[in-house]
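J.: Below is a structure I'd like to ask you about.
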Amino acid sequence: MPLEHPTKSAIATTAAPAAIGPYSQAVHIGNVLYTSGQVALDPATGALVPGGIEAQTTRVLENLKAVLAAAGLDFAHVVKTTVFLKDMADFAAMNTLYAQYFSPEGITAPARSTVQVAGLPKDALVEIECIAITS
């Protein structure tokens with residue numbers, strides 16, 4: 001007997017950079033939303049935002065916020081993140097901004113993995129992806 005395939009749906013918004021290639025900004029299946037990794041691309045221009053880790057982390061988080069909002073969610077729904085850093089020396093600066101979005105007072109922070117990588121798209125300094133529960 002073949003396995004049934006649950007219905008999955010793509011989430012897309014113009015408030016975050018468009019997917020360039022065969023992937024979705026996010027996929028909703030069951031009560032779980034999986035976002036694609038976001039780098040610091042300006043959704044209006046598709047260009048990497050100027051500035052260092054603070055500017056790029058803020059843009060990444062705003063992009064994720066827009067994708068979550070398109071699915072009717074916010075950061076409080078996120079249960080797991082993965083952070084990719086070009087340089088682990090940027091961890092403290094990234095983490096300060098990350099905390100403002102993912103763990104404001106009264107909100108349980110998601111589980112997280114953070115790794116340093118050899119390179120990111122567009123030579124970005126940071127990329128973040130997340131998993132959120134919808135209900």
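Chain labels run A, B, ... following the order of the structure tokens; each chain numbers its residues from 1, and ligands are numbered from 1 in the order shown.
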So which bits of range 9-122 of chain A end up strand (DSSP E or B) when you DSSP the backbone, as an NGL selection string?
T.: :A and (9-11 or 26-29 or 32-35 or 38 or 41 or 48 or 78-85 or 111-116)
J.: Among chain A, which residues does DSSP mark as alpha helix (DSSP H) when it is run on the backbone? Keep the chain and numbering as in the structure and answer as number ranges by chain.
T.: A: 53-70, 91-102
J.: Skip Ile107 in chain A itself and residues of its chain fewer than 3 positions away, then list as a ChimeraX atom specification all residues within 12 Å of it, counting only C-alpha atoms.
T.: /A:74-79,99-104,110
J.: How would the residues just picked look written out with N, CA and C atoms as a compact mmCIF listing (two decimals), in the first residue's frame?
T.:
# COMPACT_ATOMS: atom_id res chain seq x y z
N ASP A 74 4.49 34.51 13.85
CA ASP A 74 5.52 35.45 14.27
C ASP A 74 6.63 34.66 14.97
N PHE A 75 7.62 35.37 15.50
CA PHE A 75 8.77 34.70 16.10
C PHE A 75 8.42 33.84 17.30
N ALA A 76 7.32 34.13 17.98
CA ALA A 76 6.91 33.31 19.13
C ALA A 76 6.55 31.89 18.72
N HIS A 77 6.23 31.67 17.44
CA HIS A 77 5.89 30.34 16.94
C HIS A 77 7.12 29.50 16.58
N VAL A 78 8.28 30.12 16.54
CA VAL A 78 9.50 29.43 16.11
C VAL A 78 10.02 28.52 17.22
N VAL A 79 10.29 27.26 16.86
CA VAL A 79 10.79 26.29 17.84
C VAL A 79 12.25 25.91 17.62
N ALA A 99 18.41 37.96 19.88
CA ALA A 99 17.65 37.91 21.14
C ALA A 99 16.48 38.88 21.11
N GLN A 100 16.65 40.04 20.51
CA GLN A 100 15.57 41.03 20.44
C GLN A 100 14.37 40.50 19.67
N TYR A 101 14.61 39.69 18.65
CA TYR A 101 13.54 39.16 17.82
C TYR A 101 12.98 37.85 18.37
N PHE A 102 13.86 36.95 18.80
CA PHE A 102 13.43 35.60 19.16
C PHE A 102 13.12 35.40 20.63
N SER A 103 13.62 36.25 21.50
CA SER A 103 13.36 35.99 22.93
C SER A 103 13.12 37.27 23.73
N PRO A 104 12.17 38.09 23.27
CA PRO A 104 11.83 39.23 24.12
C PRO A 104 11.22 38.72 25.42
N PRO A 110 13.71 29.83 20.96
CA PRO A 110 13.73 28.53 20.27
C PRO A 110 15.06 27.82 20.52
J.: Looking at only C-alpha atoms, which of A:Leu73, A:Leu120, A:Ile29, A:Leu125 is the one that sits closest to Ala89 in chain A?
T.: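 Of all the options, A:Leu125 lies closest to Ala89 in chain A.
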J.: Could you work out how far CA of Ala109 in chain A lies from CA of Val67 in chain A, giving the answer in Å with one decimal?
T.: 18.6 Å
J.: Restricting the calculation to only C-alpha atoms, which member of A:Lys80, A:Asp87, A:Asn95, A:Cys130 is positioned closest to Arg112 in chain A?
T.: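 The closest residue to Arg112 in chain A is A:Lys80.
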J.: Can you write out as a Markdown table which residues of range 40-100 of chain A fall within 10 Å of range 18-26 of chain A, alongside each residue's closest atom pair and its distance in Å to one decimal, counting only C-alpha atoms and ordering rows by chain and ascending residue number?
T.:
| residue | atom | partner | partner_atom | distance |
| --- | --- | --- | --- | --- |
| A:Leu41 | CA | A:Ala18 | CA | 9.5 |
| A:Asp42 | CA | A:Ala18 | CA | 10.0 |
| A:Pro43 | CA | A:Ala18 | CA | 7.1 |
| A:Ala44 | CA | A:Ala18 | CA | 9.5 |
| A:Gly46 | CA | A:Ala18 | CA | 8.0 |
| A:Asn63 | CA | A:Gln25 | CA | 9.8 |
| A:Leu64 | CA | A:Gln25 | CA | 9.1 |
| A:Val67 | CA | A:Gln25 | CA | 6.9 |
| A:Leu68 | CA | A:Ala26 | CA | 8.4 |
| A:Ala70 | CA | A:Ala26 | CA | 9.4 |
| A:Ala71 | CA | A:Ala26 | CA | 8.7 |
J.: Could those residues be written to a file, using C-alpha atoms, as a tab-separated table (two decimals), in the first residue's frame?
T.:
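Wrote part-v8.tsv, looks like this:
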chain	number	residue	atom	x	y	z
A	41	LEU	CA	19.04	40.69	0.64
A	42	ASP	CA	16.90	43.79	0.30
A	43	PRO	CA	13.55	42.51	-1.00
A	44	ALA	CA	13.09	45.61	-3.16
A	46	GLY	CA	17.68	41.88	-4.47
A	63	ASN	CA	13.11	38.93	5.98
A	64	LEU	CA	12.24	36.00	8.27
A	67	VAL	CA	7.97	35.12	5.66
A	68	LEU	CA	6.51	34.12	9.03
A	70	ALA	CA	2.88	35.58	5.29
A	71	ALA	CA	2.02	32.30	7.01
J.: Compile the contact shell of Ile128 in chain A as a list in words: residues with an atom at most 10 Å away, counting only C-alpha atoms, same-chain residues fewer than 4 positions apart removed.
T.: Thr35, Ser36, Gly37, Gln38, Val39, Ala40, Thr57, Val60, Leu61, Asn63, Leu64, Thr81, Thr82, Val83, Phe84, Leu85, Tyr98, Ser113 and Thr114 of chain A
J.: Of the candidates A:Ala111, A:Ala69, A:Ala10, A:Gln56, which one gets nearest to Glu127 in chain A if we count only C-alpha atoms?
T.: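 Among the listed residues, A:Gln56 lies closest to Glu127 in chain A.
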J.: Using only C-alpha atoms, which of the listed residues (A:Ala66, A:Val115, A:Met88, A:Leu97) sits closest to Ala15 in chain A?
T.: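 Result for the nearest residue to Ala15 in chain A: A:Ala66.
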J.: Distance CA of Asn31 in chain A-CA of Pro17 in chain A, one decimal place?
T.: 24.0 Å
J.: Using only C-alpha atoms, pick whichever of A:Gly72, A:Glu54, A:His5, A:Lys65 has the shortest atom-to-atom distance to Val126 in chain A.
T.: A:Glu54
J.: Out of A:Thr7, A:Thr58, A:Gln116, A:Thr14, which residue has the shortest atom-to-atom distance to Val32 in chain A when counting only C-alpha atoms?
T.: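 Among the listed residues, the smallest separation from Val32 in chain A belongs to A:Thr7.
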